[in-house]
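Visitor: To be precise about what I am sending: the file is called entry_38.cif and holds mmCIF, C-alpha atoms.
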data_start
#
loop_
_atom_site.label_atom_id
_atom_site.label_comp_id
_atom_site.auth_asym_id
_atom_site.auth_seq_id
_atom_site.Cartn_x
_atom_site.Cartn_y
_atom_site.Cartn_z
CA MET T 1 -18.09 -18.30 -96.97
CA ASP T 2 -15.12 -20.14 -95.54
CA ARG T 3 -12.06 -20.27 -97.86
CA SER T 4 -11.58 -24.00 -97.23
CA ARG T 5 -15.12 -24.56 -98.44
CA ALA T 6 -14.44 -22.61 -101.68
CA ASN T 7 -11.29 -24.60 -102.29
CA LYS T 8 -13.26 -27.79 -101.79
CA ILE T 9 -15.79 -26.70 -104.42
CA LEU T 10 -12.96 -25.95 -106.92
CA GLU T 11 -11.37 -29.31 -106.25
CA GLU T 12 -14.67 -31.07 -106.77
CA TRP T 13 -15.22 -29.11 -109.97
CA THR T 14 -11.77 -29.99 -111.26
CA ALA T 15 -12.33 -33.66 -110.48
CA VAL T 16 -15.65 -33.66 -112.35
CA ALA T 17 -14.12 -31.84 -115.31
CA GLY T 18 -11.26 -34.34 -115.48
CA GLU T 19 -13.63 -37.27 -115.81
CA VAL T 20 -15.37 -35.80 -118.78
CA ARG T 21 -14.22 -37.66 -121.96
CA ARG T 22 -14.10 -36.04 -125.32
CA PRO T 23 -16.39 -37.87 -127.76
CA ASP T 24 -14.87 -39.60 -130.75
CA VAL T 25 -17.18 -37.82 -133.13
CA ALA T 26 -17.65 -34.17 -132.76
CA PRO T 27 -21.22 -33.55 -131.67
CA ARG T 28 -23.57 -31.62 -133.72
CA PRO T 29 -24.19 -28.20 -132.65
CA VAL T 30 -27.30 -28.12 -130.62
CA VAL T 31 -29.34 -25.10 -130.69
CA MET T 32 -30.60 -24.28 -127.19
CA ARG T 33 -34.25 -23.52 -127.04
CA GLY T 34 -35.90 -22.28 -124.08
CA GLY T 35 -35.42 -19.40 -121.85
CA LEU T 36 -32.05 -18.28 -123.42
CA PRO T 37 -32.52 -18.25 -127.21
CA GLY T 38 -29.36 -18.48 -129.30
CA LEU T 39 -27.16 -19.68 -126.37
CA SER T 40 -24.70 -22.31 -127.56
CA LEU T 41 -22.80 -24.88 -125.55
CA ALA T 42 -19.82 -22.63 -125.43
CA GLY T 43 -21.96 -19.92 -124.02
CA ALA T 44 -23.18 -22.31 -121.40
CA GLY T 45 -19.59 -23.06 -120.40
CA VAL T 46 -18.84 -19.39 -120.07
CA PHE T 47 -21.91 -19.04 -117.87
CA VAL T 48 -20.75 -21.83 -115.58
CA VAL T 49 -17.30 -20.29 -115.20
CA ALA T 50 -18.87 -16.94 -114.35
CA LEU T 51 -21.05 -18.63 -111.81
CA VAL T 52 -18.05 -20.27 -110.08
CA ILE T 53 -16.19 -16.94 -109.97
CA ALA T 54 -19.25 -15.32 -108.43
CA VAL T 55 -19.43 -18.03 -105.80
CA LEU T 56 -15.74 -17.56 -104.96
CA TRP T 57 -16.24 -13.80 -104.75
CA VAL T 58 -19.16 -14.15 -102.43
CA GLY T 59 -17.31 -16.72 -100.32
CA ARG T 60 -14.21 -14.58 -99.60
CA PRO T 61 -13.89 -13.35 -96.01
CA GLY T 62 -14.90 -9.82 -95.24
CA PRO T 63 -12.71 -7.23 -93.44
CA ASN T 64 -14.09 -8.26 -90.07
CA GLY T 65 -13.55 -12.00 -90.65
CA SER T 66 -17.08 -12.68 -91.94
CA VAL T 67 -17.57 -14.47 -95.28
CA GLY T 68 -18.49 -12.34 -98.28
CA GLY T 69 -20.28 -9.10 -98.68
CA PRO T 70 -19.64 -5.84 -97.03
CA SER T 71 -19.17 -5.58 -93.33
CA PRO T 72 -22.47 -5.72 -91.50
CA VAL T 73 -23.70 -2.42 -90.30
CA PRO T 74 -23.76 -2.55 -86.56
CA ALA T 75 -27.20 -2.40 -85.15
CA ALA T 76 -28.19 0.83 -83.61
CA SER T 77 -27.42 0.87 -79.95
CA ALA T 78 -30.36 0.66 -77.69
CA THR T 79 -31.54 3.66 -75.83
CA PRO T 80 -29.25 3.96 -72.84
CA THR T 81 -30.95 2.79 -69.69
CA THR T 82 -31.50 5.59 -67.25
CA ILE T 83 -29.33 4.90 -64.26
CA PRO T 84 -31.28 5.81 -61.17
CA SER T 85 -29.65 8.35 -59.00
CA PRO T 86 -28.24 6.84 -55.85
CA THR T 87 -30.69 6.67 -53.00
CA THR T 88 -29.96 9.26 -50.40
CA ILE T 89 -28.88 7.43 -47.27
CA PRO T 90 -30.43 9.18 -44.28
CA SER T 91 -28.02 10.37 -41.72
CA PRO T 92 -27.97 8.17 -38.64
CA THR T 93 -30.44 9.17 -36.00
CA THR T 94 -28.74 10.77 -33.06
CA ILE T 95 -29.17 8.45 -30.13
CA PRO T 96 -29.84 10.53 -27.05
CA SER T 97 -27.39 10.02 -24.29
CA PRO T 98 -28.81 8.02 -21.41
CA THR T 99 -30.41 10.08 -18.76
CA THR T 100 -28.23 10.30 -15.72
CA ILE T 101 -30.05 8.63 -12.89
CA PRO T 102 -29.42 10.64 -9.76
CA SER T 103 -27.87 8.70 -6.99
CA PRO T 104 -30.30 7.99 -4.21
CA SER T 105 -30.23 10.58 -1.53
CA THR T 106 -28.39 9.54 1.52
CA ILE T 107 -30.94 8.65 4.09
CA PRO T 108 -29.81 10.18 7.31
CA SER T 109 -29.44 7.70 10.03
CA ALA T 110 -32.03 7.94 12.69
CA THR T 111 -30.86 10.15 15.45
CA THR T 112 -30.71 8.16 18.59
CA THR T 113 -32.29 10.14 21.31
CA PRO T 114 -30.32 9.43 24.40
CA THR T 115 -32.40 8.26 27.29
CA PRO T 116 -32.29 11.04 29.78
CA GLU T 117 -30.67 10.01 32.98
CA PRO T 118 -32.90 10.39 35.96
CA THR T 119 -32.32 13.62 37.74
CA ILE T 120 -30.61 13.05 41.07
CA GLY T 121 -32.09 15.32 43.62
CA ARG T 122 -30.74 16.73 46.85
CA CYS T 123 -30.69 14.39 49.79
CA GLN T 124 -33.43 15.16 52.24
CA PRO T 125 -32.30 15.40 55.91
CA ALA T 126 -34.75 12.64 56.87
CA ILE T 127 -32.83 9.98 54.88
CA LEU T 128 -29.37 11.03 56.09
CA SER T 129 -27.92 9.72 59.31
CA ALA T 130 -24.67 10.86 60.91
CA ARG T 131 -22.74 9.61 63.93
CA ILE T 132 -19.51 10.38 65.75
CA THR T 133 -17.13 7.45 65.49
CA LEU T 134 -14.20 9.01 67.41
CA TRP T 135 -13.01 12.05 69.37
CA GLU T 136 -9.43 13.27 69.35
CA GLY T 137 -7.77 16.11 71.26
CA ALA T 138 -4.97 18.38 70.05
CA ALA T 139 -3.54 21.65 71.57
CA GLY T 140 -6.73 23.00 73.17
CA HIS T 141 -9.05 21.56 70.46
CA ARG T 142 -11.25 18.54 70.15
CA ILE T 143 -11.69 16.74 66.79
CA ALA T 144 -14.74 14.58 66.05
CA HIS T 145 -14.66 11.90 63.31
CA VAL T 146 -18.12 11.94 61.72
CA GLN T 147 -19.64 9.48 59.25
CA LEU T 148 -22.68 10.27 57.04
CA THR T 149 -24.87 7.53 55.46
CA ASN T 150 -27.62 7.63 52.83
CA ALA T 151 -30.36 5.60 54.51
CA GLY T 152 -32.83 6.13 51.66
CA SER T 153 -33.66 3.94 48.63
CA VAL T 154 -32.48 6.32 45.90
CA ALA T 155 -29.27 8.14 45.13
CA CYS T 156 -29.12 11.80 46.08
CA THR T 157 -26.62 14.62 46.39
CA VAL T 158 -25.00 16.19 49.43
CA ARG T 159 -23.22 19.54 49.59
CA VAL T 160 -19.63 18.93 50.63
CA MET T 161 -19.72 21.85 53.07
CA ALA T 162 -22.29 22.76 55.72
CA LYS T 163 -22.48 24.97 58.79
CA PRO T 164 -21.09 22.94 61.78
CA GLN T 165 -22.36 23.27 65.37
CA LEU T 166 -21.45 21.84 68.76
CA VAL T 167 -24.67 20.90 70.58
CA ASP T 168 -25.65 19.34 73.93
CA GLY T 169 -28.12 16.61 74.77
CA ARG T 170 -31.13 18.97 74.50
CA GLY T 171 -30.02 20.25 71.07
CA SER T 172 -28.87 23.64 72.38
CA VAL T 173 -26.02 25.18 70.36
CA LEU T 174 -22.81 25.44 72.41
CA ILE T 175 -20.54 26.74 69.60
CA ASP T 176 -21.95 27.99 66.27
CA GLY T 177 -19.92 27.78 63.04
CA THR T 178 -19.96 29.87 59.84
CA SER T 179 -22.12 29.14 56.78
CA PRO T 180 -20.01 28.23 53.70
CA SER T 181 -19.97 30.71 50.80
CA THR T 182 -19.81 28.06 48.09
CA SER T 183 -20.02 24.34 48.03
CA GLY T 184 -19.85 21.49 45.54
CA SER T 185 -21.93 18.30 45.73
CA LEU T 186 -21.35 14.58 45.99
CA THR T 187 -23.77 11.83 44.91
CA VAL T 188 -24.48 9.29 47.57
CA VAL T 189 -26.07 6.00 46.51
CA PRO T 190 -28.40 4.16 48.85
CA GLY T 191 -26.25 2.84 51.71
CA GLY T 192 -23.32 5.01 50.58
CA ARG T 193 -21.18 6.79 53.15
CA LEU T 194 -19.25 10.04 53.41
CA LYS T 195 -16.88 11.18 56.14
CA THR T 196 -15.47 14.40 57.61
CA LEU T 197 -13.55 15.88 60.55
CA VAL T 198 -15.03 18.59 62.79
CA GLN T 199 -12.69 20.61 65.04
CA ASP T 200 -13.88 22.87 67.91
CA GLY T 201 -12.07 24.93 70.50
CA ASN T 202 -12.35 27.43 73.39
CA TYR T 203 -15.65 26.57 74.95
CA CYS T 204 -16.11 28.99 77.93
CA GLY T 205 -19.83 28.50 78.64
CA PRO T 206 -21.77 26.65 81.33
CA ALA T 207 -21.61 22.90 81.67
CA PRO T 208 -23.75 21.24 78.99
CA VAL T 209 -26.40 18.54 79.31
CA PRO T 210 -24.89 15.34 77.99
CA PRO T 211 -24.49 13.80 75.52
CA VAL T 212 -22.52 16.39 73.55
CA SER T 213 -22.59 15.96 69.76
CA VAL T 214 -22.08 17.72 66.42
CA ALA T 215 -24.82 19.06 64.08
CA PHE T 216 -24.77 20.22 60.45
CA VAL T 217 -27.02 22.96 59.06
CA LEU T 218 -27.49 22.10 55.37
CA THR T 219 -27.19 24.76 52.69
CA GLY T 220 -30.52 23.80 51.08
CA GLY T 221 -32.28 23.84 54.44
CA GLY T 222 -32.60 21.34 57.23
CA ARG T 223 -30.33 20.13 60.02
CA ILE T 224 -28.66 16.83 60.85
CA VAL T 225 -27.56 16.00 64.39
CA ALA T 226 -25.00 13.24 64.62
CA THR T 227 -25.47 10.40 67.05
CA PRO T 228 -23.06 11.03 69.98
CA PHE T 229 -20.05 8.87 70.50
CA SER T 230 -21.76 7.58 73.68
CA PRO T 231 -24.99 8.34 75.55
CA THR T 232 -23.12 10.11 78.35
CA ASP T 233 -20.41 11.73 76.25
CA ALA T 234 -19.58 15.26 77.44
CA THR T 235 -16.43 15.90 75.40
CA LEU T 236 -15.76 19.68 75.29
CA PRO T 237 -12.74 21.72 74.23
CA PRO T 238 -10.96 23.64 77.09
CA CYS T 239 -11.64 27.36 77.62
CA ASN T 240 -8.56 29.33 76.53
CA GLY T 241 -10.08 32.79 76.90
CA ALA T 242 -12.13 34.93 79.30
CA PRO T 243 -15.33 33.43 80.68
CA GLY T 244 -18.18 33.78 78.25
CA SER T 245 -15.83 34.34 75.28
CA ALA T 246 -16.94 32.76 71.94
CA GLY T 247 -15.58 29.46 70.87
CA ASP T 248 -14.73 28.31 67.30
CA ILE T 249 -15.72 25.30 65.18
CA GLU T 250 -15.00 24.28 61.57
CA MET T 251 -15.30 21.23 59.35
CA GLN T 252 -13.48 19.65 56.44
CA PRO T 253 -15.42 18.87 53.24
CA TRP T 254 -17.35 15.63 53.07
CA ALA T 255 -15.36 12.96 51.26
CA ARG T 256 -15.73 9.33 50.39
#
Show me this structure written as structure tokens.
Guide:
Amino acid sequence: MDRSRANKILEEWTAVAGEVRRPDVAPRPVVMRGGLPGLSLAGAGVFVVALVIAVLWVGRPGPNGSVGGPSPVPAASATPTTIPSPTTIPSPTTIPSPTTIPSPSTIPSATTTPTPEPTIGRCQPAILSARITLWEGAAGHRIAHVQLTNAGSVACTVRVMAKPQLVDGRGSVLIDGTSPSTSGSLTVVPGGRLKTLVQDGNYCGPAPVPPVSVAFVLTGGGRIVATPFSPTDATLPPCNGAPGSAGDIEMQPWAR
């Protein structure tokens, strides 16, 4: 019970008691009948005082601040709640590394097959024409300027060296040359021309049948007789030896 409340009760009791007036004539003793036999008015006053003291005793604050009576016994604590064990967090799944995508194989570029060049064959004697364009003389020798032309429709090759001959109008050999041991080749396009010089000397034979000319025995076979410088040409080198002695003849390589 709050102390201020107890004080208020005492104050109210004191105020009530102060208003009570003593009677002029002493009252007759009244014998109380009822539940408490033999209890006088004085006894009733004592009872009231005891009751007030009891109320004050009950209304004093307890040791914990509560009003009256012994400190309340704390209620029994509830059964402790079972704390669930922490959930095991699964370890993170190992993410596999991305598969390495192999780089595309290098596609080899298409091999360009070169177009084979047409094989240029040897010039056949039938498509070659030769002619003497000039004769010169020097120290017992005669030199013929000869021109060779490809009269065919395709390119062909000519050996740069051949076996030269001095021939008469009937094709008889007046002086015979020597066959070359080796010889390179030149390509002659259609209408193309090559040239050479043929030198002969020491002709000591009988008089030839004109026209005199120069022939070439080709290494691959065949023979070309050049057109004479003129239809009546009888140009011969002088005889510088005994009658019937052999003459000589040689040529320079064909050139452009």
Visitor: I want to know what sits within 12 Å of Leu236 in chain T, based on only C-alpha atoms, with residues of the same chain fewer than 3 positions away left out; could you give that as a ChimeraX atom specification?
Guide: /T:135-137,140-144,166-168,174-175,199-214,233,239,247-249
Visitor: Env of Ala162 in chain T: 12 Å cut, atoms = all atoms listed in the file, seq-sep filter 6 positions within chain, self excluded. Answer as a count of residues only.
Guide: 29
Visitor: Please report the interatomic distance between CA of His145 in chain T and CA of Pro243 in chain T in Å with one decimal.
Guide: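 Distance reported for this atom pair: 27.7 Å.
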Visitor: For the atom pair CA of Thr235 in chain T and CA of Gly192 in chain T, what is the interatomic distance in Å to one decimal place?
Guide: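 So the answer is 28.0 Å.
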Visitor: Between T:Ala226, T:Gln147, T:Glu11, T:Arg122, which one has atoms that come closest to Leu186 in chain T, using only C-alpha atoms?
Guide: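 Of the candidates, the smallest distance to Leu186 in chain T is held by T:Arg122.
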Visitor: If I take CA of Thr227 in chain T and CA of Ile132 in chain T, how far is one from the other in Å, to one decimal?
Guide: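 Going from CA of Thr227 in chain T over to CA of Ile132 in chain T covers 6.1 Å.
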Visitor: Rank T:Ala139, T:Val160, T:Ala155, T:Cys123 by their smallest atom-to-atom distance to Gly191 in chain T, using all atoms listed in the file, and report the top residue only.
Guide: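 With all atoms listed in the file as the atom set, the closest residue is T:Ala155.
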